[in-house]
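Enquirer: Please find start_4.cif (mmCIF, C-alpha atoms and all ligand atoms) on the next line:
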data_work
#
loop_
_atom_site.label_atom_id
_atom_site.label_comp_id
_atom_site.auth_asym_id
_atom_site.auth_seq_id
_atom_site.Cartn_x
_atom_site.Cartn_y
_atom_site.Cartn_z
CA MET C 1 -10.12 13.68 -10.36
CA VAL C 2 -7.68 14.07 -13.18
CA GLN C 3 -8.31 11.83 -16.19
CA ILE C 4 -5.11 10.07 -17.12
CA LYS C 5 -4.48 8.97 -20.66
CA LYS C 6 -1.27 7.02 -20.39
CA LEU C 7 -1.86 3.33 -20.76
CA PHE C 8 0.02 0.24 -19.83
CA GLU C 9 0.85 -2.51 -22.24
CA THR C 10 1.84 -6.10 -21.62
CA ASN C 11 4.77 -7.67 -23.33
CA ASN C 12 3.32 -11.19 -23.32
CA GLN C 13 6.23 -12.84 -25.05
CA SER C 14 8.66 -12.27 -22.23
CA ASN C 15 5.90 -12.31 -19.62
CA HIS C 16 7.58 -9.17 -18.35
CA HIS C 17 5.12 -6.38 -17.71
CA GLN C 18 6.49 -3.04 -18.64
CA ILE C 19 4.72 0.27 -18.72
CA VAL C 20 4.83 2.11 -22.00
CA GLY C 21 3.65 5.68 -22.33
CA GLY C 22 1.29 7.06 -24.97
CA ASP C 23 -2.37 6.70 -25.95
CA PHE C 24 -2.44 2.95 -26.56
CA GLU C 25 -5.33 0.65 -25.92
CA LEU C 26 -4.72 -1.73 -23.11
CA THR C 27 -4.68 -5.26 -24.46
CA SER C 28 -4.78 -7.16 -21.20
CA ILE C 29 -7.99 -5.73 -19.73
CA PRO C 30 -10.43 -8.60 -19.92
CA SER C 31 -13.55 -6.38 -20.04
CA ASN C 32 -14.61 -3.24 -21.86
CA ILE C 33 -13.29 -0.93 -19.19
CA SER C 34 -11.21 1.67 -20.96
CA ASP C 35 -11.22 4.94 -19.10
CA SER C 36 -8.99 6.75 -16.67
CA TYR C 37 -6.77 4.29 -14.88
CA LYS C 38 -4.98 5.80 -11.98
CA LEU C 39 -2.18 3.33 -12.41
CA GLN C 40 -1.50 4.68 -15.83
CA LYS C 41 0.28 7.73 -14.54
CA PHE C 42 3.47 6.06 -13.48
CA GLY C 43 5.60 7.31 -16.30
CA SER C 44 7.10 5.43 -19.17
CA VAL C 45 9.31 2.86 -17.46
CA GLY C 46 9.10 0.52 -14.51
CA THR C 47 8.73 -3.05 -13.33
CA TRP C 48 5.79 -5.02 -11.99
CA THR C 49 6.62 -7.28 -9.08
CA SER C 50 4.95 -9.63 -6.64
CA SER C 51 4.93 -7.25 -3.65
CA GLY C 52 5.90 -3.86 -2.26
CA ARG C 53 8.93 -5.42 -0.60
CA ALA C 54 10.10 -7.01 -3.84
CA SER C 55 9.77 -3.62 -5.56
CA LEU C 56 11.82 -1.98 -2.85
CA ALA C 57 14.42 -4.75 -3.19
CA ILE C 58 14.84 -3.95 -6.89
CA LEU C 59 15.40 -0.26 -6.15
CA LEU C 60 17.86 -1.03 -3.36
CA GLN C 61 19.89 -3.43 -5.47
CA ASP C 62 20.26 -0.69 -8.05
CA LEU C 63 21.21 1.91 -5.41
CA VAL C 64 23.81 -0.38 -3.85
CA LYS C 65 25.47 -0.53 -7.27
CA ARG C 66 25.44 3.26 -7.28
CA GLY C 67 27.33 3.28 -3.99
CA ILE C 68 24.81 3.73 -1.18
CA GLU C 69 25.97 2.33 2.14
CA GLN C 70 22.82 2.68 4.24
CA ILE C 71 19.12 3.45 4.17
CA VAL C 72 17.41 5.80 6.62
CA LEU C 73 13.81 4.80 7.40
CA PRO C 74 10.88 6.61 9.00
CA SER C 75 10.21 5.52 12.59
CA TYR C 76 6.54 5.01 11.68
CA LEU C 77 6.45 2.22 9.11
CA CYS C 78 5.25 -1.24 8.19
CA SER C 79 7.84 -3.64 9.57
CA SER C 80 7.72 -5.81 6.43
CA ILE C 81 9.79 -3.09 4.78
CA LEU C 82 12.76 -4.25 6.85
CA LEU C 83 12.70 -7.72 5.27
CA PRO C 84 14.24 -6.92 1.86
CA ILE C 85 16.72 -4.52 3.50
CA ARG C 86 17.97 -7.24 5.84
CA LYS C 87 18.02 -9.81 3.05
CA ILE C 88 20.19 -7.54 0.92
CA GLY C 89 22.39 -6.86 3.95
CA LEU C 90 22.11 -3.07 3.83
CA LYS C 91 22.71 -1.03 7.00
CA TYR C 92 19.67 0.91 8.22
CA SER C 93 18.73 3.53 10.79
CA PHE C 94 15.61 5.59 11.53
CA TYR C 95 14.48 9.22 11.48
CA ASN C 96 11.69 10.51 13.67
CA VAL C 97 8.05 10.79 12.57
CA ASP C 98 6.04 12.90 15.01
CA ARG C 99 2.38 12.75 16.09
CA ASN C 100 1.37 14.81 13.02
CA LEU C 101 3.22 12.45 10.67
CA GLU C 102 5.87 15.10 10.14
CA SER C 103 9.66 14.74 10.10
CA VAL C 104 12.87 16.69 9.95
CA ILE C 105 15.92 14.95 8.56
CA GLU C 106 19.46 15.89 7.63
CA PRO C 107 20.46 13.64 4.70
CA GLN C 108 23.82 11.89 4.85
CA ASP C 109 26.15 11.20 1.97
CA LYS C 110 25.92 7.77 0.31
CA SER C 111 22.56 7.05 1.86
CA ALA C 112 19.03 6.43 0.66
CA ILE C 113 16.09 7.97 2.52
CA LEU C 114 12.73 6.23 2.50
CA LEU C 115 9.72 8.51 2.64
CA ILE C 116 6.16 7.21 3.05
CA HIS C 117 3.16 9.19 1.85
CA TYR C 118 0.88 8.18 4.70
CA PHE C 119 -2.75 7.17 4.18
CA GLY C 120 -2.97 8.85 0.75
CA TRP C 121 -1.91 12.37 1.79
CA PHE C 122 1.14 14.07 0.32
CA ASN C 123 4.14 13.99 2.69
CA LYS C 124 5.48 17.55 2.52
CA LEU C 125 8.98 16.46 3.43
CA ALA C 126 9.18 15.25 -0.18
CA ILE C 127 9.38 18.83 -1.48
CA GLU C 128 12.68 19.55 0.24
CA LEU C 129 14.15 16.07 -0.20
CA ARG C 130 13.33 15.86 -3.91
CA LYS C 131 15.07 19.17 -4.47
CA ARG C 132 18.13 18.34 -2.40
CA SER C 133 18.54 14.80 -3.74
CA SER C 134 19.03 16.19 -7.23
CA SER C 135 22.18 18.06 -6.17
CA GLU C 136 23.47 16.17 -3.08
CA SER C 137 24.85 12.66 -2.78
CA PHE C 138 21.86 10.88 -1.31
CA TYR C 139 18.84 9.22 -2.93
CA LEU C 140 15.18 9.62 -2.09
CA ILE C 141 12.91 6.58 -2.31
CA GLU C 142 9.19 7.33 -2.15
CA ASP C 143 6.70 4.70 -0.97
CA LEU C 144 3.40 5.31 -2.77
CA THR C 145 1.62 2.26 -1.37
CA HIS C 146 -1.02 4.44 0.32
CA ALA C 147 -1.04 7.12 -2.32
CA PHE C 148 -0.96 5.68 -5.80
CA LEU C 149 -4.57 6.71 -6.45
CA SER C 150 -4.05 10.26 -5.20
CA ASP C 151 -3.91 12.84 -7.94
CA TRP C 152 -1.29 15.00 -6.28
CA TYR C 153 1.23 12.50 -7.53
CA THR C 154 0.67 13.61 -11.12
CA TRP C 155 1.57 17.24 -10.52
CA THR C 156 4.38 16.75 -8.05
CA SER C 157 5.99 13.83 -9.80
CA SER C 158 9.67 14.35 -10.34
CA SER C 159 10.94 11.40 -8.41
CA GLU C 160 13.26 8.83 -9.77
CA PHE C 161 12.85 6.09 -7.15
CA VAL C 162 9.27 5.18 -6.41
CA PHE C 163 7.65 1.92 -5.40
CA MET C 164 4.35 0.64 -4.12
CA SER C 165 2.35 -2.36 -3.08
CA LEU C 166 -0.98 -2.75 -4.91
CA ARG C 167 -2.68 -4.91 -2.31
CA LYS C 168 -4.04 -2.27 0.03
CA PHE C 169 -6.52 -0.54 -2.26
CA GLY C 170 -8.34 -3.30 -4.07
CA PRO C 171 -8.96 -7.03 -4.42
CA VAL C 172 -5.44 -7.68 -5.64
CA PRO C 173 -3.95 -11.10 -4.72
CA ILE C 174 -0.33 -9.99 -4.93
CA GLY C 175 1.39 -7.11 -6.68
CA GLY C 176 3.89 -4.29 -6.53
CA TRP C 177 5.53 -1.83 -8.87
CA CYS C 178 8.76 0.15 -8.91
CA SER C 179 10.10 2.86 -11.15
CA TYR C 180 13.29 1.04 -12.11
CA THR C 181 13.11 -1.07 -15.27
CA TYR C 182 14.51 -4.50 -14.66
CA ASP C 183 14.43 -6.77 -17.66
CA ASP C 184 15.55 -10.05 -16.26
CA LEU C 185 13.42 -11.00 -13.30
CA PRO C 186 13.67 -14.64 -12.24
CA ILE C 187 10.50 -16.70 -12.74
CA SER C 188 9.05 -18.30 -9.63
CA LYS C 189 6.48 -21.05 -10.20
CA GLU C 190 5.78 -20.90 -6.50
CA ILE C 191 4.64 -17.28 -6.65
CA GLU C 192 2.35 -18.12 -9.56
CA SER C 193 0.77 -20.88 -7.55
CA LEU C 194 0.44 -18.53 -4.56
CA ALA C 195 -1.35 -15.97 -6.70
CA TRP C 196 -3.92 -18.65 -7.60
CA LYS C 197 -4.19 -19.72 -3.97
CA SER C 198 -4.86 -16.15 -2.94
CA ILE C 199 -7.53 -15.76 -5.63
CA ALA C 200 -9.17 -19.06 -4.64
CA ALA C 201 -9.14 -18.07 -0.97
CA ARG C 202 -10.80 -14.74 -1.70
CA LEU C 203 -13.51 -16.30 -3.88
CA ILE C 204 -14.29 -18.94 -1.28
CA ARG C 205 -14.33 -16.36 1.50
CA ALA C 206 -16.75 -14.16 -0.49
CA GLN C 207 -19.14 -17.10 -1.00
CA TYR C 208 -18.81 -18.20 2.59
CA VAL C 209 -19.54 -14.76 4.04
CA VAL C 210 -22.72 -14.47 1.93
CA GLU C 211 -24.05 -17.96 2.73
CA PRO C 212 -22.15 -19.82 5.48
CA SER C 213 -24.79 -22.59 5.67
CA ASN C 214 -23.95 -23.75 2.12
CA TRP C 215 -20.53 -24.88 3.32
CA THR C 216 -21.11 -27.47 5.98
CA ASP C 217 -18.83 -30.31 4.94
CA PHE C 218 -15.47 -28.80 5.91
CA ASP C 219 -13.98 -25.98 7.92
CA VAL C 220 -14.12 -23.33 5.22
CA GLU C 221 -12.79 -20.52 7.34
CA LYS C 222 -9.73 -22.51 8.35
CA PHE C 223 -9.20 -23.49 4.71
CA TYR C 224 -9.16 -19.99 3.22
CA LEU C 225 -7.26 -18.45 6.14
CA ASN C 226 -4.62 -21.13 5.68
CA LEU C 227 -4.28 -20.30 1.97
CA LEU C 228 -3.92 -16.59 2.70
CA HIS C 229 -1.40 -17.37 5.43
CA GLN C 230 0.70 -19.35 2.97
CA VAL C 231 0.89 -16.29 0.70
CA GLU C 232 2.04 -14.02 3.54
CA VAL C 233 4.62 -16.52 4.77
CA PHE C 234 6.08 -16.86 1.30
CA LEU C 235 6.29 -13.09 0.82
CA ASP C 236 7.91 -12.71 4.26
CA GLN C 237 10.44 -15.46 3.59
CA ASN C 238 11.19 -14.40 0.03
CA PRO C 239 11.12 -10.59 0.12
CA THR C 240 13.28 -10.31 -2.98
CA VAL C 241 11.47 -12.82 -5.21
CA CYS C 242 9.88 -10.65 -7.77
CA LYS C 243 8.13 -11.57 -10.92
CA LEU C 244 4.42 -10.74 -11.00
CA PRO C 245 2.37 -13.59 -12.52
CA LYS C 246 0.24 -12.63 -15.49
CA ILE C 247 -3.02 -13.52 -13.76
CA ALA C 248 -2.27 -10.99 -11.00
CA TYR C 249 -1.28 -8.35 -13.55
CA ASP C 250 -4.52 -8.89 -15.49
CA LEU C 251 -6.56 -8.55 -12.32
CA ILE C 252 -4.80 -5.32 -11.42
CA MET C 253 -5.40 -3.94 -14.89
CA GLY C 254 -9.01 -5.08 -14.98
CA LEU C 255 -10.03 -3.15 -11.89
CA ASN C 256 -11.86 0.13 -12.26
CA TRP C 257 -9.42 2.19 -10.19
CA HIS C 258 -11.22 5.43 -10.94
CA GLN C 259 -14.41 4.09 -9.40
CA ILE C 260 -12.45 2.73 -6.45
CA GLY C 261 -10.95 6.17 -5.84
CA MET C 262 -14.29 7.98 -6.10
CA GLN C 263 -16.05 5.60 -3.73
CA ARG C 264 -13.28 5.84 -1.15
CA ARG C 265 -13.43 9.63 -1.22
CA SER C 266 -17.19 9.67 -0.96
CA ASN C 267 -17.17 7.22 1.98
CA TRP C 268 -14.45 9.16 3.81
CA LEU C 269 -16.39 12.42 3.44
CA ASP C 270 -19.68 10.84 4.57
CA LEU C 271 -18.06 9.23 7.60
CA HIS C 272 -16.27 12.45 8.43
CA THR C 273 -19.53 14.41 8.35
CA MET C 274 -21.08 11.88 10.73
CA ILE C 275 -18.28 11.54 13.29
CA ASN C 276 -16.20 14.70 13.02
CA GLY C 277 -15.77 16.16 16.51
CA LYS C 278 -17.02 12.95 18.13
CA VAL C 279 -13.81 10.99 17.60
CA ASP C 280 -10.15 11.97 17.67
CA ALA C 281 -9.41 11.86 13.93
CA LEU C 282 -5.75 11.78 12.91
CA ILE C 283 -6.44 13.79 9.75
CA THR C 284 -9.46 16.05 9.45
CA GLU C 285 -9.32 17.40 5.90
CA LEU C 286 -9.57 15.64 2.57
CA PRO C 287 -8.03 17.73 -0.21
CA GLU C 288 -9.53 17.19 -3.66
CA ASP C 289 -6.49 15.34 -4.89
CA VAL C 290 -6.31 12.71 -2.13
CA VAL C 291 -7.73 9.19 -2.28
CA PRO C 292 -7.64 7.94 1.32
CA LEU C 293 -6.64 4.50 2.53
CA GLY C 294 -9.00 4.72 5.49
CA TYR C 295 -10.44 7.01 8.16
CA VAL C 296 -7.81 6.99 10.89
CA ILE C 297 -8.85 7.69 14.46
CA LYS C 298 -6.78 7.77 17.64
CA CYS C 299 -7.95 6.06 20.78
CA LYS C 300 -6.15 5.28 24.07
CA ASN C 301 -7.93 1.91 24.33
CA ARG C 302 -7.37 1.13 20.70
CA ASP C 303 -7.00 -2.65 21.01
CA LYS C 304 -10.19 -3.01 23.04
CA LEU C 305 -12.07 -0.84 20.57
CA LYS C 306 -10.71 -2.90 17.68
CA ASP C 307 -11.98 -6.12 19.33
CA ARG C 308 -15.38 -4.63 20.10
CA LEU C 309 -15.78 -3.44 16.51
CA ALA C 310 -14.70 -6.84 15.17
CA LYS C 311 -17.43 -8.50 17.25
CA ARG C 312 -19.86 -6.26 15.39
CA HIS C 313 -18.31 -7.20 12.03
CA ILE C 314 -16.35 -4.01 11.49
CA PHE C 315 -12.79 -5.11 10.81
CA CYS C 316 -10.17 -2.40 11.19
CA PRO C 317 -6.48 -2.68 10.32
CA VAL C 318 -3.82 -1.28 12.61
CA HIS C 319 -1.07 0.93 11.17
CA TRP C 320 1.33 -0.42 12.29
CA GLN C 321 2.84 -2.87 14.77
CA LEU C 322 6.32 -1.35 14.72
CA PRO C 323 9.51 -3.41 14.76
CA ASN C 324 10.96 -3.88 18.30
CA ILE C 325 13.91 -1.69 17.48
CA ILE C 326 11.53 1.30 17.60
CA ASN C 327 10.49 1.92 21.17
CA GLU C 328 9.26 4.60 23.56
CA ASP C 329 12.79 5.67 24.48
CA ASN C 330 13.89 6.51 20.96
CA PHE C 331 10.66 7.37 19.09
CA PRO C 332 7.83 8.02 21.58
CA GLU C 333 5.54 9.83 19.16
CA SER C 334 5.70 7.11 16.50
CA VAL C 335 5.10 4.49 19.19
CA ALA C 336 2.05 6.47 20.34
CA LEU C 337 0.71 6.50 16.77
CA SER C 338 1.29 2.79 16.52
CA GLN C 339 -0.52 2.12 19.81
CA GLN C 340 -3.44 4.50 19.31
CA CYS C 341 -4.30 4.62 15.61
CA LEU C 342 -7.16 2.56 14.24
CA THR C 343 -8.06 2.70 10.56
CA LEU C 344 -11.82 2.60 9.99
CA PRO C 345 -12.70 0.99 6.65
CA ILE C 346 -14.03 3.28 3.92
CA ASP C 347 -13.21 1.12 0.93
CA GLN C 348 -15.18 0.66 -2.26
CA ARG C 349 -17.20 -2.29 -0.97
CA TYR C 350 -19.02 0.10 1.36
CA SER C 351 -21.86 2.56 0.76
CA PHE C 352 -23.39 5.54 2.57
CA ASP C 353 -25.51 3.16 4.71
CA ASP C 354 -22.40 1.26 5.76
CA MET C 355 -20.73 4.51 6.79
CA ALA C 356 -23.81 5.40 8.85
CA ARG C 357 -23.60 2.04 10.61
CA ILE C 358 -19.86 2.36 11.23
CA ALA C 359 -20.38 5.88 12.64
CA GLU C 360 -23.09 4.64 14.97
CA VAL C 361 -21.22 1.54 16.15
CA VAL C 362 -17.94 3.39 16.68
CA GLN C 363 -19.61 6.04 18.82
CA SER C 364 -21.47 3.44 20.87
CA GLU C 365 -18.28 1.39 21.46
CA LEU C 366 -15.88 4.24 22.20
C1 LIG C 401 3.36 1.69 3.35
C2 LIG C 401 3.72 0.27 3.00
N1 LIG C 401 4.72 0.07 2.12
C3 LIG C 401 5.09 -1.19 1.76
C4 LIG C 401 4.48 -2.31 2.29
C5 LIG C 401 4.90 -3.69 1.85
O1 LIG C 401 3.99 -4.17 0.87
P1 LIG C 401 3.88 -5.74 0.56
O2 LIG C 401 3.10 -6.36 1.66
O3 LIG C 401 3.16 -5.84 -0.76
O4 LIG C 401 5.25 -6.24 0.46
C6 LIG C 401 3.44 -2.13 3.20
C7 LIG C 401 2.78 -3.31 3.78
O5 LIG C 401 1.82 -3.23 4.52
C8 LIG C 401 3.05 -0.82 3.55
O6 LIG C 401 2.04 -0.60 4.42
#
Rewrite the structure of this file - the entire thing - as structure tokens.

Expert:
Amino acid sequence: MVQIKKLFETNNQSNHHQIVGGDFELTSIPSNISDSYKLQKFGSVGTWTSSGRASLAILLQDLVKRGIEQIVLPSYLCSSILLPIRKIGLKYSFYNVDRNLESVIEPQDKSAILLIHYFGWFNKLAIELRKRSSSESFYLIEDLTHAFLSDWYTWTSSSEFVFMSLRKFGPVPIGGWCSYTYDDLPISKEIESLAWKSIAARLIRAQYVVEPSNWTDFDVEKFYLNLLHQVEVFLDQNPTVCKLPKIAYDLIMGLNWHQIGMQRRSNWLDLHTMINGKVDALITELPEDVVPLGYVIKCKNRDKLKDRLAKRHIFCPVHWQLPNIINEDNFPESVALSQQCLTLPIDQRYSFDDMARIAEVVQSEL
């Protein structure tokens, strides 16, 4: 993968984290890690926020000032994206995403179009929309949540409006980023306390999973699930509250994203070799410049399979439960994706042996 030399720097005085370009040393990394941070490619401006939704909210507030009257969303999306849009009071509609994750859209004046790069792969619709948005009166917003570790972003990057959530690719308590520089984010003590709660919950969970018998005096599982739930509820109820606490920023910067990307690629390829042709994979090729979110399979009895895998300690996210407004009458192919896709885990916590086990269990439970 491409080695990136742009580094981030923290402006501690204002507690506002801004990216600055150039070959600087990163002051906020708490360890000696110094090489190749995928995050460092996001240009020379931008704003760190508490979540993907908060990042989108910042972009939308700017675009409303520029005169947009509506946003057009893909029919296959995470429904939390609707929260900041509703909070801001912007009109929205949907364009179709088909069974191959492809779309055709005719941009309208005074609109923004949201485009998601699904699962780490480059969404080819971006080529046309990037070109047209530079000369027509609509704006393109690219969601890089699944793709911020993928190298294709470095060579195709020409986009003005980009955002992402950092929580899907690593042990990140909260965090988002957007390409618009916003200097005056309100401070929320509550979000700082939630960041600590999320960290505490994850540490306790990790200890509990390794040695459950050490924790007999209270219901540990209930305790950490409750903490994590509090974080999600707050983010849902406050989709425009933004400022990223320093502890979360330091954790994001301290992660070895290069290693995370390499391990994910290696796991995806191993799993693919083991189950290719035996499952209905949504995507069957891994280009060199893609870091995948997961290994996505399609299955008619998806929910039953998900439960059976969970009983055998393989926990698979679903992408996504769509908002009710998207249904079989208007977007049947997106609904089919939502009902059939199951994302098998290939993240950096797993090794070749884990992939072998997942391959075996999935085939036996199918
Ligand atoms: C593609 C995508 N974009 C944005 C978001 C919102 O991110 P956050 O939960 O950090 O607000 C999600 C959430 O799952 C997502 O999957």

Enquirer: Return as a PDB file with C-alpha atoms, in the coordinates of the input every polymer residue, whether protein, DNA or RNA, with at least one atom no more than 8 Å from an atom of ligand LIG 401 (chain C); count all atoms listed in the file.

Expert:
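Saved the output as part.pdb:
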ATOM      1  CA  SER C  50       4.950  -9.630  -6.640  1.00  0.00           C
ATOM      2  CA  SER C  51       4.930  -7.250  -3.650  1.00  0.00           C
ATOM      3  CA  GLY C  52       5.900  -3.860  -2.260  1.00  0.00           C
ATOM      4  CA  ARG C  53       8.930  -5.420  -0.600  1.00  0.00           C
ATOM      5  CA  ALA C  54      10.100  -7.010  -3.840  1.00  0.00           C
ATOM      6  CA  SER C  55       9.770  -3.620  -5.560  1.00  0.00           C
ATOM      7  CA  LEU C  77       6.450   2.220   9.110  1.00  0.00           C
ATOM      8  CA  CYS C  78       5.250  -1.240   8.190  1.00  0.00           C
ATOM      9  CA  SER C  79       7.840  -3.640   9.570  1.00  0.00           C
ATOM     10  CA  SER C  80       7.720  -5.810   6.430  1.00  0.00           C
ATOM     11  CA  ILE C  81       9.790  -3.090   4.780  1.00  0.00           C
ATOM     12  CA  ILE C 116       6.160   7.210   3.050  1.00  0.00           C
ATOM     13  CA  HIS C 117       3.160   9.190   1.850  1.00  0.00           C
ATOM     14  CA  TYR C 118       0.880   8.180   4.700  1.00  0.00           C
ATOM     15  CA  ASP C 143       6.700   4.700  -0.970  1.00  0.00           C
ATOM     16  CA  LEU C 144       3.400   5.310  -2.770  1.00  0.00           C
ATOM     17  CA  THR C 145       1.620   2.260  -1.370  1.00  0.00           C
ATOM     18  CA  HIS C 146      -1.020   4.440   0.320  1.00  0.00           C
ATOM     19  CA  MET C 164       4.350   0.640  -4.120  1.00  0.00           C
ATOM     20  CA  SER C 165       2.350  -2.360  -3.080  1.00  0.00           C
ATOM     21  CA  LEU C 166      -0.980  -2.750  -4.910  1.00  0.00           C
ATOM     22  CA  ARG C 167      -2.680  -4.910  -2.310  1.00  0.00           C
ATOM     23  CA  LYS C 168      -4.040  -2.270   0.030  1.00  0.00           C
ATOM     24  CA  ILE C 174      -0.330  -9.990  -4.930  1.00  0.00           C
ATOM     25  CA  GLY C 175       1.390  -7.110  -6.680  1.00  0.00           C
ATOM     26  CA  GLY C 176       3.890  -4.290  -6.530  1.00  0.00           C
ATOM     27  CA  GLU C 232       2.040 -14.020   3.540  1.00  0.00           C
ATOM     28  CA  LEU C 235       6.290 -13.090   0.820  1.00  0.00           C
ATOM     29  CA  ASP C 236       7.910 -12.710   4.260  1.00  0.00           C
ATOM     30  CA  PRO C 239      11.120 -10.590   0.120  1.00  0.00           C
ATOM     31  CA  HIS C 319      -1.070   0.930  11.170  1.00  0.00           C
ATOM     32  CA  TRP C 320       1.330  -0.420  12.290  1.00  0.00           C
TER      33      TRP C 320
END

Enquirer: Between C:Val220, C:Leu286, C:Gln237, C:Val172, single out the one closest to C:Leu82, counting only C-alpha atoms.

Expert: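 Residue with the minimum atom-to-atom distance to C:Leu82: C:Gln237.
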
Enquirer: Interatomic distance between atom CA of C:Ser213 and atom CA of C:Phe315?

Expert: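 Interatomic distance, atom CA of C:Ser213 to atom CA of C:Phe315: 21.8 Å.
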
Enquirer: Which one is closest to C:Ile346: C:Glu333, C:Asp280, C:Asp184, C:Asp270? Count all atoms listed in the file.

Expert: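 For C:Ile346, the nearest of the candidates is C:Asp270.
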
Enquirer: Between C:Lys110, C:Lys91, C:Lys197, C:Lys243, which is the closest to C:Thr47 once you count only C-alpha atoms?

Expert: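 Closest to C:Thr47 of all the choices is C:Lys243.
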
Enquirer: Let me make sure I understand: among C:Ile127, C:Asn324, C:Pro173, C:Trp48, which one has the smallest atom-to-atom distance to C:Leu203 if we use all atoms listed in the file?

Expert: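 Closest to C:Leu203, using all atoms listed in the file: C:Pro173.
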
Enquirer: From the list C:Ile199, C:Tyr76, C:Met355, C:Leu83, which residue is nearest C:Gln339 when using only C-alpha atoms?

Expert: C:Tyr76
